[in-house]
Structures are given as C-alpha cells and as structure tokens.
Protein chains: 2
Amino acid sequence: MHTIRRFQPEDWASVWPMLQQTFASGDTYAFSPASTEAEIHGAWVELPLATYVACSADGEIIGTYILKPNQPGLGSHVCNCGYVVSDQARGQGIASAMCEHSQTEAIRLGFRAMQFNFVVSTNEGAVRLWQKLGFHIAGTLPGAFRHTGHGYVDAFVMFKQLVG
Amino acid sequence: MHTIRRFQPEDWASVWPMLQQTFASGDTYAFSPASTEAEIHGAWVELPLATYVACSADGEIIGTYILKPNQPGLGSHVCNCGYVVSDQARGQGIASAMCEHSQTEAIRLGFRAMQFNFVVSTNEGAVRLWQKLGFHIAGTLPGAFRHTGHGYVDAFVMFKQLVG
C-alpha cells in the first residue's frame with residue numbers, strides 16, 4: 001500500500017532522478033530535456049504552493065506532484081497540478097491516487113477548480129485517466145507541443161470544477 | 001501617428017501608473033488590484049522576453065505590451081502576449097496596433113503561434129478585437145476569473161497560428 005505525504009528537502013535526492021528521466025523523454029512535459037537540476041528544483045519545489053511524494057510500502061519514493069494557483073489574484077481560485085510517476089511504478093494506479101489526493105488537498109486549501117494547461121494529446125493514457133477522474137478537454141492548442149518523436153502535436157487544456 | 005518601440009528602464013515611471021490603473025479595475029487581468037509595484041515590475045519587465053511601449057506623436061506613452069514564451073522548452077515555440085492601453089488613449093486603435101506589432105515581432109523572434117491564456121469573457125471588446133485579428137477561442141475556462149463587478153465569470157484561451 002502506498003502513502004502520499006508532503007515533500008521534505010531530503011526527498012530531492014530521490015525526486016530529481018525521477019523528474020529528470022521523465023523530462024528527458026520529451027513526450028509529456030514542456031520542460032526541456034536539457035533542463036538543469038536548479039531549474040527543475042525551482043519549478044518543482046520552490047515555485048509551487050506545495051509539493052508531495054507518493055511512497056511505496058517500504059518507503060521508497062515512486063511518484064511526486066505539485067499544486068499551485070494557475071493564475072495570480074483574480075484567477076487564483078483555480079489550481080494547477082503536475083504529476084510524475086517513476087518508471088518502475090507504472091501500472092499501479094499511482095497517478096490516479098495522486099490526482100485524487102491533489103483534488104482533496106486543493107479543496108482543503110480553498111481552491112474551487114483544477115486546470116491542466118498542457119496535456120500532450122499523444123499521451124493518450126493520461127488524457128483518458130484525467131477524463132475518468134472528472135476532467136474535460138476545455139480546449140485544444142494546435143501543434144503547441146514539440147514532441148521528441150512525433151514533431152509538433154496538439155496539447156489539451158483540461159479542467160475540472162471541484163466545488164459547486 | 002503613434003510609434004511602438006522597446007521598453008527602456010526610464011519608461012517605468014509612465015508604464016507603472018497605466019498598469020496600476022488597469023489592474024485596479026479588476027475586470028481584465030488576473031493580477032490582484034493589491035499587487036505591489038515590485039510584483040508588477042517583475043511580471044511586466046523582468047519575466048518577459050521583451051517589453052514594448054506605444055507612444056503618441058508627442059512622445060507620451062499610451063500603451064505597453066509584453067511578449068514571452070508561453071511554456072518552457074518543448075512548448076516554447078508558442079508565445080504569449082499581454083497588452084495595456086492607457087485610459088486616455090482608448091478608441092484610437094492602439095491595442096490593435098500593438099497586437100499586429102507583436103505578431104511581427106513574434107515571427108521575427110522565431111515563434112510559430114501566439115496564445116492568450118486568460119481572456120475575460122465579459123471583456124467583449126477585447127474578445128472581438130482578437131477574433132478580428134485572427135485569433136480563435138480555443139477553450140473556455142468555466143468561472144476561472146473572479147470579476148470585481150460580476151463575480152465568477154468564464155475566461156477564454158485564444159490562439160493564432162503565425163507560421164504555417
């Protein structure tokens with residue numbers, strides 16, 4: 001059974017290789033495969049309102065996610081999240097568990113909705129998972145993602161109302 | 001006849017009151033009406049790739065806009081812009097001129113498309129203007145803007161391909 005908890009500074013040694021591996025593939029996140037550790041630490045730990053890790057039963061970190069307001073001031077009631085699962089932990093429902101956890105956290109922190117700005121259209125598993133978890137495709141950004149394998153592909157804006 | 005040129009540090013004394021007045025109304029931009037000068041300087045001058053000003057025939061600054069990549073790395077071929085016109089210069093086509101200028105600049109700088117992330121749906125003049133200038137509504141974000149006068153209203157994601 002996995003657990004999800006807030007990120008601690010000492011977790012970075014496990015989180016960074018997982019992020020690096022994910023971003024290096026160039027098929028899911030906009031972060032350049034050439035991003036430095038300092039840039040990604042800024043984006044994943046310093047900038048967000050909160051960072052979380054998912055741990056396996058033996059305490060190993062197998063996933064991580066961030067939560068932050070998607071806009072300042074008059075748009076700050078809508079949050080944004082990003083999720084990464086380690087290659088070794090795929091197919092165990094970790095992304096789903098982190099997304100459910102993030103929705104609970106978002107409501108607790110006072111957010112009213114959640115928006116993903118840049119879901120790569122060819123990442124079909126992710127699109128289906130977010131739809132299953134209540135998100136809809138609010139918009140399509142034509143050719144907005146330069147996929148390492150497929151060239152320019154569409155990205156989706158996905159949205160879910162959390163409170164009525 | 002107005003001119004549009006790159007922002008210089010000494011322009012801030014004219015640009016800041018214009019931005020402050022615009023953001024204070026709470027009906028077009030997400031920036032909190034309570035934003036500090038340092039926060040807005042960061043967002044308008046430090047963060048963007050480039051900042052511009054529109055000047056009247058007598059050299060007075062009557063508008064300003066910013067241009068920046070909308071995403072890092074694999075999304076950095078799509079740019080984002082934000083435009084502000086001084087209250088005194090409305091109805092003179094300054095927003096339109098700045099948007100046309102920004103598209104030329106964006107292409108010159110190597111961008112392939114332009115995206116607005118957060119066009120307030122009740123700002124109907126702006127929505128119509130961007131449509132006239134070739135942008136389409138790529139998505140609707142339900143209740144994503146907390147309008148000072150109208151409460152929660154929709155925001156639009158708008159998009160234009162600049163090069164084929």
# chains A, B, ... in the order shown; residues from 1 in each chain; ligands from 1
$ residues_around --residues "Gly164 in chain A" --least-positions-apart "3" --cutoff "10 Å" --atoms "only C-alpha atoms" --output "short mmCIF file (atom, residue, chain, number, x, y, z; two decimals) with C-alpha atoms, in the first residue's frame"
data_model
loop_
_atom_site.label_atom_id
_atom_site.label_comp_id
_atom_site.auth_asym_id
_atom_site.auth_seq_id
_atom_site.Cartn_x
_atom_site.Cartn_y
_atom_site.Cartn_z
CA ARG A 112 -12.63 25.80 -6.49
CA ALA A 113 -11.37 24.12 -9.67
CA GLN A 161 -14.81 22.05 -11.19
#
$ select_by_dssp --residues "range 50-97 of chain A" --states "helix (DSSP H, G or I)" --output "list of chain:residue names"
A:Gly73, A:Leu74, A:Gly75, A:Asp87, A:Gln88, A:Ala89, A:Ile94, A:Ala95, A:Ser96, A:Ala97
$ write_last_selection --atoms "C-alpha atoms" --output "PDB file, in the first residue's frame"
ATOM      1  CA  GLY A  73      -5.044  37.269  -7.819  1.00  0.00           C
ATOM      2  CA  LEU A  74      -8.394  37.135  -9.582  1.00  0.00           C
ATOM      3  CA  GLY A  75      -7.666  33.727 -11.096  1.00  0.00           C
ATOM      4  CA  ASP A  87       9.183   4.241 -14.498  1.00  0.00           C
ATOM      5  CA  GLN A  88       9.445   1.377 -12.014  1.00  0.00           C
ATOM      6  CA  ALA A  89       5.994   2.055 -10.527  1.00  0.00           C
ATOM      7  CA  ILE A  94      -0.121   5.890  -8.563  1.00  0.00           C
ATOM      8  CA  ALA A  95      -1.024   8.735 -10.945  1.00  0.00           C
ATOM      9  CA  SER A  96      -4.689   8.164 -10.232  1.00  0.00           C
ATOM     10  CA  ALA A  97      -4.084   8.106  -6.464  1.00  0.00           C
TER      11      ALA A  97
END
$ atom_distance --atom1 "CA of Glu37 in chain A" --atom2 "CA of Met98 in chain A"
23.3 Å
$ residues_around --residues "Ser86 in chain A" --least-positions-apart "3" --cutoff "12 Å" --atoms "only C-alpha atoms" --output "PyMOL selection string"
chain A and resi 14-23+53-56+60-65+83+89-95
$ interface_residues --of "chain A" --to "chain B" --cutoff "6 Å" --atoms "only C-alpha atoms" --output "PDB file with C-alpha atoms, in the first residue's frame"
ATOM      1  CA  ALA A  30       7.273  21.033 -21.761  1.00  0.00           C
ATOM      2  CA  PHE A  31      10.430  21.201 -19.630  1.00  0.00           C
ATOM      3  CA  SER A  32      13.400  20.901 -21.969  1.00  0.00           C
ATOM      4  CA  PRO A  72      -2.408  35.242  -9.706  1.00  0.00           C
ATOM      5  CA  GLY A  73      -5.044  37.269  -7.819  1.00  0.00           C
ATOM      6  CA  LEU A  74      -8.394  37.135  -9.582  1.00  0.00           C
ATOM      7  CA  GLY A  75      -7.666  33.727 -11.096  1.00  0.00           C
ATOM      8  CA  ALA A 138     -11.688  22.571 -22.328  1.00  0.00           C
ATOM      9  CA  GLY A 139      -9.533  23.438 -25.322  1.00  0.00           C
ATOM     10  CA  THR A 140      -7.095  22.226 -27.955  1.00  0.00           C
ATOM     11  CA  ALA A 144       1.665  23.544 -29.248  1.00  0.00           C
ATOM     12  CA  PHE A 145       3.950  20.681 -28.130  1.00  0.00           C
ATOM     13  CA  ARG A 146       7.159  19.793 -29.939  1.00  0.00           C
TER      14      ARG A 146
END
$ residues_around --residues "Lys68 in chain B" --least-positions-apart "5" --cutoff "7 Å" --atoms "only C-alpha atoms" --output "VMD selection string"
chain B and resid 48 to 50 79 to 81
$ select_by_dssp --residues "chain B" --states "strand (DSSP E or B)" --output "PyMOL selection string"
chain B and resi 3-6+50-55+61-69+78-85+113-120+136-147+151-161
$ atom_distance --atom1 "CA of Arg6 in chain A" --atom2 "CA of Gly42 in chain A"
16.6 Å
$ closest_residue --among "B:Ile66, B:Asp154, B:Ala106, B:Val119" --to "His136 in chain B" --atoms "only C-alpha atoms"
B:Val119
$ atom_distance --atom1 "CA of Glu105 in chain B" --atom2 "CA of Val153 in chain A"
23.9 Å
